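A.B. asks: Below you'll find the structure I mean.
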Amino acid sequence: MAAAAELASRDIPVTVFETARTLGGRARRVEINGVALDNGLHILIGAYRETLRLIELTRRQQEAPGLVRLPLELIVHPHFRLRAPRLPAPLHLAAALVCARGLGLAERMKAAGFIAAMRRENFRLGTDTSVEHLLTSHRQPPAVTRFLWNPLCISALNTQPHEASAQIFLNVLRDTFNGAREDSDLLLPAMDFSALFPERAAAFLGLHGSGVRLGVTVESVRRTGDGFELATQDGRFSHVILAVSPHRLSPLIAPHAELAGINALVQAFSYQPIYSVFLQYPPASRLPFSMGGIEATYSQWLFDRGRLCGQDGLIGVVISAAGAHQELEQDELARRVHAELSAHFPGLGEPRWQRVIAEKRATFTCSVGLHRPANRTPIPRLYLAGDYTASDHPATLESAVRSGVACAKLVLEDS
Ligand SMILES: Cc1cc2nc3c(=O)[nH]c(=O)nc-3n(C[C@H](O)[C@H](O)[C@H](O)COP(=O)(O)OP(=O)(O)OC[C@H]3O[C@@H](n4cnc5c(N)ncnc54)[C@H](O)[C@@H]3O)c2cc1C
């Protein structure tokens with residue numbers, strides 16, 4: 001949708017084929033008991049410049065922005081709290097680290113020293129290694145790793161620190177903490193994700209003579225003399241951007257010998273899950289924050305949807321990356337998450353309903369030295385877009401959007 005919106009904004013006609021009935025892919029609306037939720041509890045950060053630009057480009061003036069912008073605050077209730085003051089970057093981060101609650105002075109200085117050392121190296125490693133190894137080699141104290149670096153690594157890379165790429169982790173730290181202060185802001189959606197961007201983008205396409213075909217699966221891409229034919233459609237296309245998730249790519253590219261190298265790269269990917277647990281408590285139930293973490297066996301980040309978007313009493317809990325939760329039946333997982341929440345926040349009461357959404361292939365494993373395919377393929381005018389294509393970033397909304405925008409630019413170059 002990013003690629004399509006970008007092209008439509010330059011009056012290039014586009015047709016988007018989406019196999020699902022709802023737009024959004026891995027960030028889409030799901031209705032449960034009449035409540036519009038997302039398949040996951042997505043957050044954006046201020047550094048997601050392209051995503052924010054396209055949300056603005058496609059938003060009509062009278063529409064609400066749909067995002068709540070908060071200064072960076074990381075909470076691991078009740079042990080740890082880091083809050084960025086309104087100072088210019090990078091002072092805001094230095095002050096946040098030095099004033100963090102729940103760490104001793106020596107620990108805070110070690111954390112600040114790590115960022116300073118990485119800044120001196122321009123956040124570049126000679127050779128990639130694991131996040132765990134990087135933190136150990138910089139003698140990060142256990143409490144700093146436990147409350148700060150590990151939660152950041154797992155939520156940003158969706159990969160456990162022993163497996164996660166230290167270079168991509170440093171890229172995230174660079175983009176979040178080393179640019180403007182606003183880059184580290186948290187932006188929490190106050191509407192569902194389909195409404196926030198892809199449905200606005202679809203309306204925007206309509207205004208520019210382009211369109212979206214929902215419920216249409218592209219089964220194959222055939223080369224013709226001067227373009228491409230998609231198996232679902234009579235029409236012919238001069239350029240094709242394949243924007244499917246990586247595990248759906250192989251059937252489309254395997255028949256093309258020129259794409260064997262790309263096929264081998266994506267076949268070598270492994271995937272990490274993200275589970276989202278929604279619990280509907282009585283409407284008066286509240287968490288002491290809009291978003292914060294707890295240290296528990298299963299629950300990681302908690303979102304109070306009442307505070308965020310008026311869905312009173314609805315608490316969403318995110319469990320990123322592989323872990324013990326995958327062994328449990330969904331009802332059992334919801335029961336255990338409720339028990340963890342009740343232990344931390346005894347006033348919540350009993351849930352009226354609960355639902356687990358398990359995205360088993362939420363993102364690729366962001367492992368050390370992973371090779372990812374480029375946007376351009378060996379077949380002229382056939383491109384790849386998505387969070388998995390080669391970039392500095394882990395699998396995020398922003399990497400997907402940037403990849404789409406990059407493909408749109410290639411289409412313009414090749415036209
Ligand atoms: C639960 C969860 C939580 C997440 N949380 C965050 C977060 O907080 N912040 C963040 O930045 N990122 C987060 N992510 C990651 C983010 O959602 C993804 O990186 C991003 O949505 C990927 O977008 P994409 O366009 O690359 O792929 P997708 O969203 O997978 O889009 C691919 C689309 O192609 C369609 N498709 C597939 N095959 C075909 C076909 N043959 N024909 C037609 N259509 C087809 C699919 O239906 C889908 O709509 C999360 C992901 C999940 C699952």
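Each chain in the structure tokens gets a letter, A, B and so on, in the order shown; residues start at 1 in every chain, and ligands are counted from 1 in the order they appear.
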Mind checking DSSP for region 322-410 of chain A and telling me the strand (DSSP E or B) residues as a list in words?

C.D. replies: Trp353, Gln354, Arg355, Val356, Ile357, Ala358, Glu359, Lys360, Arg361, Ala362, Thr363, Phe364, Ser367, Arg376, Leu382, Tyr383 and Leu384 of chain A

A.B. asks: Residues of the last selection are to be written out with N, CA and C atoms, as a PDB file, in the first residue's frame.

C.D. replies:
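Generated file (again-v5.pdb):
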ATOM      1  N   TRP A 353     -14.373 -11.505  28.990  1.00  0.00           N
ATOM      2  CA  TRP A 353     -13.952 -12.406  27.901  1.00  0.00           C
ATOM      3  C   TRP A 353     -12.472 -12.216  27.650  1.00  0.00           C
ATOM      4  N   GLN A 354     -11.887 -13.183  26.981  1.00  0.00           N
ATOM      5  CA  GLN A 354     -10.469 -13.073  26.639  1.00  0.00           C
ATOM      6  C   GLN A 354     -10.234 -13.716  25.284  1.00  0.00           C
ATOM      7  N   ARG A 355      -9.217 -13.291  24.587  1.00  0.00           N
ATOM      8  CA  ARG A 355      -8.927 -13.849  23.264  1.00  0.00           C
ATOM      9  C   ARG A 355      -7.424 -13.785  23.016  1.00  0.00           C
ATOM     10  N   VAL A 356      -6.888 -14.880  22.519  1.00  0.00           N
ATOM     11  CA  VAL A 356      -5.462 -14.913  22.150  1.00  0.00           C
ATOM     12  C   VAL A 356      -5.375 -14.898  20.624  1.00  0.00           C
ATOM     13  N   ILE A 357      -4.572 -14.005  20.072  1.00  0.00           N
ATOM     14  CA  ILE A 357      -4.298 -14.032  18.628  1.00  0.00           C
ATOM     15  C   ILE A 357      -2.828 -14.407  18.474  1.00  0.00           C
ATOM     16  N   ALA A 358      -2.603 -15.582  17.902  1.00  0.00           N
ATOM     17  CA  ALA A 358      -1.222 -16.074  17.760  1.00  0.00           C
ATOM     18  C   ALA A 358      -0.795 -15.892  16.309  1.00  0.00           C
ATOM     19  N   GLU A 359       0.153 -14.998  16.082  1.00  0.00           N
ATOM     20  CA  GLU A 359       0.730 -14.843  14.738  1.00  0.00           C
ATOM     21  C   GLU A 359       2.029 -15.640  14.758  1.00  0.00           C
ATOM     22  N   LYS A 360       1.986 -16.839  14.182  1.00  0.00           N
ATOM     23  CA  LYS A 360       3.135 -17.753  14.351  1.00  0.00           C
ATOM     24  C   LYS A 360       4.331 -17.325  13.519  1.00  0.00           C
ATOM     25  N   ARG A 361       4.052 -16.657  12.390  1.00  0.00           N
ATOM     26  CA  ARG A 361       5.157 -16.140  11.576  1.00  0.00           C
ATOM     27  C   ARG A 361       5.035 -14.626  11.518  1.00  0.00           C
ATOM     28  N   ALA A 362       5.127 -14.014  12.689  1.00  0.00           N
ATOM     29  CA  ALA A 362       4.934 -12.554  12.754  1.00  0.00           C
ATOM     30  C   ALA A 362       6.052 -11.832  12.019  1.00  0.00           C
ATOM     31  N   THR A 363       7.288 -12.279  12.220  1.00  0.00           N
ATOM     32  CA  THR A 363       8.437 -11.644  11.558  1.00  0.00           C
ATOM     33  C   THR A 363       9.495 -12.711  11.290  1.00  0.00           C
ATOM     34  N   PHE A 364      10.420 -12.389  10.398  1.00  0.00           N
ATOM     35  CA  PHE A 364      11.565 -13.292  10.239  1.00  0.00           C
ATOM     36  C   PHE A 364      12.440 -13.178  11.485  1.00  0.00           C
ATOM     37  N   SER A 367      18.366 -12.660  12.753  1.00  0.00           N
ATOM     38  CA  SER A 367      19.556 -13.327  13.277  1.00  0.00           C
ATOM     39  C   SER A 367      20.844 -12.675  12.781  1.00  0.00           C
ATOM     40  N   ARG A 376      15.248  -4.668  -6.055  1.00  0.00           N
ATOM     41  CA  ARG A 376      15.346  -4.960  -7.486  1.00  0.00           C
ATOM     42  C   ARG A 376      15.657  -6.442  -7.670  1.00  0.00           C
ATOM     43  N   LEU A 382      10.407  -6.175 -12.266  1.00  0.00           N
ATOM     44  CA  LEU A 382       9.761  -6.994 -11.221  1.00  0.00           C
ATOM     45  C   LEU A 382      10.528  -6.737  -9.914  1.00  0.00           C
ATOM     46  N   TYR A 383       9.811  -6.307  -8.895  1.00  0.00           N
ATOM     47  CA  TYR A 383      10.464  -5.847  -7.658  1.00  0.00           C
ATOM     48  C   TYR A 383       9.882  -6.584  -6.444  1.00  0.00           C
ATOM     49  N   LEU A 384      10.627  -6.522  -5.353  1.00  0.00           N
ATOM     50  CA  LEU A 384      10.152  -7.104  -4.093  1.00  0.00           C
ATOM     51  C   LEU A 384      10.005  -6.013  -3.052  1.00  0.00           C
TER      52      LEU A 384
END

A.B. asks: Go through chain A and flag each residue having an atom no more than 6 Å from ligand 1; for those, report the closest pair of atoms plus their distance in Å to one decimal, using only C-alpha atoms and all ligand atoms, ordered by chain and rising number, as JSON lines.

C.D. replies:
{"residue": "A:Phe17", "atom": "CA", "partner": "ligand 1", "partner_atom_place_in_ligand_line": "43 (C)", "distance": 5.0}
{"residue": "A:Glu18", "atom": "CA", "partner": "ligand 1", "partner_atom_place_in_ligand_line": "44 (N)", "distance": 3.8}
{"residue": "A:Thr19", "atom": "CA", "partner": "ligand 1", "partner_atom_place_in_ligand_line": "44 (N)", "distance": 4.0}
{"residue": "A:Ala20", "atom": "CA", "partner": "ligand 1", "partner_atom_place_in_ligand_line": "47 (O)", "distance": 5.0}
{"residue": "A:Gly24", "atom": "CA", "partner": "ligand 1", "partner_atom_place_in_ligand_line": "49 (O)", "distance": 5.4}
{"residue": "A:Gly25", "atom": "CA", "partner": "ligand 1", "partner_atom_place_in_ligand_line": "49 (O)", "distance": 3.1}
{"residue": "A:Arg26", "atom": "CA", "partner": "ligand 1", "partner_atom_place_in_ligand_line": "29 (O)", "distance": 3.8}
{"residue": "A:Ala27", "atom": "CA", "partner": "ligand 1", "partner_atom_place_in_ligand_line": "17 (O)", "distance": 4.6}
{"residue": "A:Asn39", "atom": "CA", "partner": "ligand 1", "partner_atom_place_in_ligand_line": "1 (C)", "distance": 5.6}
{"residue": "A:Gly40", "atom": "CA", "partner": "ligand 1", "partner_atom_place_in_ligand_line": "1 (C)", "distance": 3.6}
{"residue": "A:Leu41", "atom": "CA", "partner": "ligand 1", "partner_atom_place_in_ligand_line": "3 (C)", "distance": 5.7}
{"residue": "A:His42", "atom": "CA", "partner": "ligand 1", "partner_atom_place_in_ligand_line": "8 (O)", "distance": 3.2}
{"residue": "A:Ile43", "atom": "CA", "partner": "ligand 1", "partner_atom_place_in_ligand_line": "8 (O)", "distance": 3.9}
{"residue": "A:Leu44", "atom": "CA", "partner": "ligand 1", "partner_atom_place_in_ligand_line": "9 (N)", "distance": 5.5}
{"residue": "A:Val216", "atom": "CA", "partner": "ligand 1", "partner_atom_place_in_ligand_line": "43 (C)", "distance": 6.0}
{"residue": "A:Thr217", "atom": "CA", "partner": "ligand 1", "partner_atom_place_in_ligand_line": "42 (N)", "distance": 3.6}
{"residue": "A:Val218", "atom": "CA", "partner": "ligand 1", "partner_atom_place_in_ligand_line": "42 (N)", "distance": 3.8}
{"residue": "A:Glu219", "atom": "CA", "partner": "ligand 1", "partner_atom_place_in_ligand_line": "41 (N)", "distance": 5.5}
{"residue": "A:Ala243", "atom": "CA", "partner": "ligand 1", "partner_atom_place_in_ligand_line": "32 (C)", "distance": 5.7}
{"residue": "A:Val244", "atom": "CA", "partner": "ligand 1", "partner_atom_place_in_ligand_line": "34 (O)", "distance": 3.8}
{"residue": "A:Ser245", "atom": "CA", "partner": "ligand 1", "partner_atom_place_in_ligand_line": "30 (O)", "distance": 4.1}
{"residue": "A:Arg248", "atom": "CA", "partner": "ligand 1", "partner_atom_place_in_ligand_line": "38 (N)", "distance": 5.4}
{"residue": "A:Ile274", "atom": "CA", "partner": "ligand 1", "partner_atom_place_in_ligand_line": "1 (C)", "distance": 4.8}
{"residue": "A:Glu359", "atom": "CA", "partner": "ligand 1", "partner_atom_place_in_ligand_line": "53 (C)", "distance": 5.3}
{"residue": "A:Ala362", "atom": "CA", "partner": "ligand 1", "partner_atom_place_in_ligand_line": "53 (C)", "distance": 3.8}
{"residue": "A:Gly386", "atom": "CA", "partner": "ligand 1", "partner_atom_place_in_ligand_line": "26 (O)", "distance": 3.2}
{"residue": "A:Asp387", "atom": "CA", "partner": "ligand 1", "partner_atom_place_in_ligand_line": "26 (O)", "distance": 4.0}
{"residue": "A:Ala395", "atom": "CA", "partner": "ligand 1", "partner_atom_place_in_ligand_line": "19 (O)", "distance": 4.4}
{"residue": "A:Thr396", "atom": "CA", "partner": "ligand 1", "partner_atom_place_in_ligand_line": "11 (O)", "distance": 3.5}
{"residue": "A:Leu397", "atom": "CA", "partner": "ligand 1", "partner_atom_place_in_ligand_line": "11 (O)", "distance": 3.9}
{"residue": "A:Glu398", "atom": "CA", "partner": "ligand 1", "partner_atom_place_in_ligand_line": "11 (O)", "distance": 5.9}
{"residue": "A:Ala400", "atom": "CA", "partner": "ligand 1", "partner_atom_place_in_ligand_line": "26 (O)", "distance": 4.4}

A.B. asks: Find, counting only C-alpha atoms, the residue in A:Gln167, A:Asn375, A:Gln300, A:Gln140 that gets nearest to Ile319 (chain A).

C.D. replies: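 Looking only at the distances to Ile319 (chain A), the closest residue turns out to be A:Gln300.
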
A.B. asks: Which one of A:Ser399, A:Thr389, A:Ser210, A:Thr127 sits closest to Ala4 (chain A) if you count only C-alpha atoms?

C.D. replies: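 Smallest separation from Ala4 (chain A) among the options: A:Ser210.
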
A.B. asks: Which of these, A:Pro378, A:Gly316, A:Gly349, A:Gly102, has the shortest distance to Asp38 (chain A) once you count only C-alpha atoms?

C.D. replies: A:Gly316

A.B. asks: Please indicate the distance in Å from CA of Val317 (chain A) to CA of Ser290 (chain A), rounded to one decimal place.

C.D. replies: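 Separation between CA of Val317 (chain A) and CA of Ser290 (chain A): 11.7 Å.
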
A.B. asks: Calculated over only C-alpha atoms, which of the candidates A:Glu107, A:Asp226, A:Glu56, A:Glu182 has the smallest distance to Leu87 (chain A)?

C.D. replies: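 Comparing A:Glu107, A:Asp226, A:Glu56, A:Glu182 against Leu87 (chain A), the winner is A:Glu182.
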
A.B. asks: Please give the complete set of residues from region 18-59 of chain A that DSSP, run on the backbone, assigns to alpha helix (DSSP H), formatted as a list in words.

C.D. replies: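 DSSP-assigned alpha helix (DSSP H) residues in region 18-59 of chain A: Arg49, Glu50, Thr51, Leu52, Arg53, Leu54, Ile55, Glu56, Leu57 and Thr58 of chain A.
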
A.B. asks: Put those residues in a file: N, CA, C and O atoms, as a PDB file, in the first residue's frame.

C.D. replies:
ATOM      1  N   ARG A  49       9.659   7.742  10.026  1.00  0.00           N
ATOM      2  CA  ARG A  49       9.307   8.957   9.278  1.00  0.00           C
ATOM      3  C   ARG A  49       8.485   8.675   8.034  1.00  0.00           C
ATOM      4  O   ARG A  49       7.562   9.411   7.710  1.00  0.00           O
ATOM      5  N   GLU A  50       8.845   7.616   7.312  1.00  0.00           N
ATOM      6  CA  GLU A  50       8.113   7.333   6.064  1.00  0.00           C
ATOM      7  C   GLU A  50       6.693   6.858   6.359  1.00  0.00           C
ATOM      8  O   GLU A  50       5.755   7.238   5.659  1.00  0.00           O
ATOM      9  N   THR A  51       6.541   6.049   7.391  1.00  0.00           N
ATOM     10  CA  THR A  51       5.194   5.583   7.745  1.00  0.00           C
ATOM     11  C   THR A  51       4.337   6.778   8.136  1.00  0.00           C
ATOM     12  O   THR A  51       3.197   6.921   7.667  1.00  0.00           O
ATOM     13  N   LEU A  52       4.906   7.660   8.960  1.00  0.00           N
ATOM     14  CA  LEU A  52       4.137   8.827   9.418  1.00  0.00           C
ATOM     15  C   LEU A  52       3.838   9.753   8.237  1.00  0.00           C
ATOM     16  O   LEU A  52       2.751  10.317   8.138  1.00  0.00           O
ATOM     17  N   ARG A  53       4.796   9.879   7.322  1.00  0.00           N
ATOM     18  CA  ARG A  53       4.563  10.746   6.146  1.00  0.00           C
ATOM     19  C   ARG A  53       3.399  10.202   5.310  1.00  0.00           C
ATOM     20  O   ARG A  53       2.522  10.952   4.887  1.00  0.00           O
ATOM     21  N   LEU A  54       3.394   8.876   5.095  1.00  0.00           N
ATOM     22  CA  LEU A  54       2.335   8.318   4.248  1.00  0.00           C
ATOM     23  C   LEU A  54       0.977   8.325   4.952  1.00  0.00           C
ATOM     24  O   LEU A  54      -0.057   8.482   4.301  1.00  0.00           O
ATOM     25  N   ILE A  55       0.987   8.159   6.275  1.00  0.00           N
ATOM     26  CA  ILE A  55      -0.288   8.272   7.007  1.00  0.00           C
ATOM     27  C   ILE A  55      -0.842   9.683   6.797  1.00  0.00           C
ATOM     28  O   ILE A  55      -2.030   9.865   6.527  1.00  0.00           O
ATOM     29  N   GLU A  56       0.025  10.666   6.870  1.00  0.00           N
ATOM     30  CA  GLU A  56      -0.407  12.063   6.661  1.00  0.00           C
ATOM     31  C   GLU A  56      -0.834  12.297   5.216  1.00  0.00           C
ATOM     32  O   GLU A  56      -1.834  12.955   4.951  1.00  0.00           O
ATOM     33  N   LEU A  57      -0.065  11.739   4.261  1.00  0.00           N
ATOM     34  CA  LEU A  57      -0.377  11.941   2.840  1.00  0.00           C
ATOM     35  C   LEU A  57      -1.782  11.436   2.518  1.00  0.00           C
ATOM     36  O   LEU A  57      -2.504  12.040   1.728  1.00  0.00           O
ATOM     37  N   THR A  58      -2.163  10.309   3.135  1.00  0.00           N
ATOM     38  CA  THR A  58      -3.426   9.677   2.751  1.00  0.00           C
ATOM     39  C   THR A  58      -4.584  10.065   3.674  1.00  0.00           C
ATOM     40  O   THR A  58      -5.727   9.706   3.402  1.00  0.00           O
TER      41      THR A  58
END
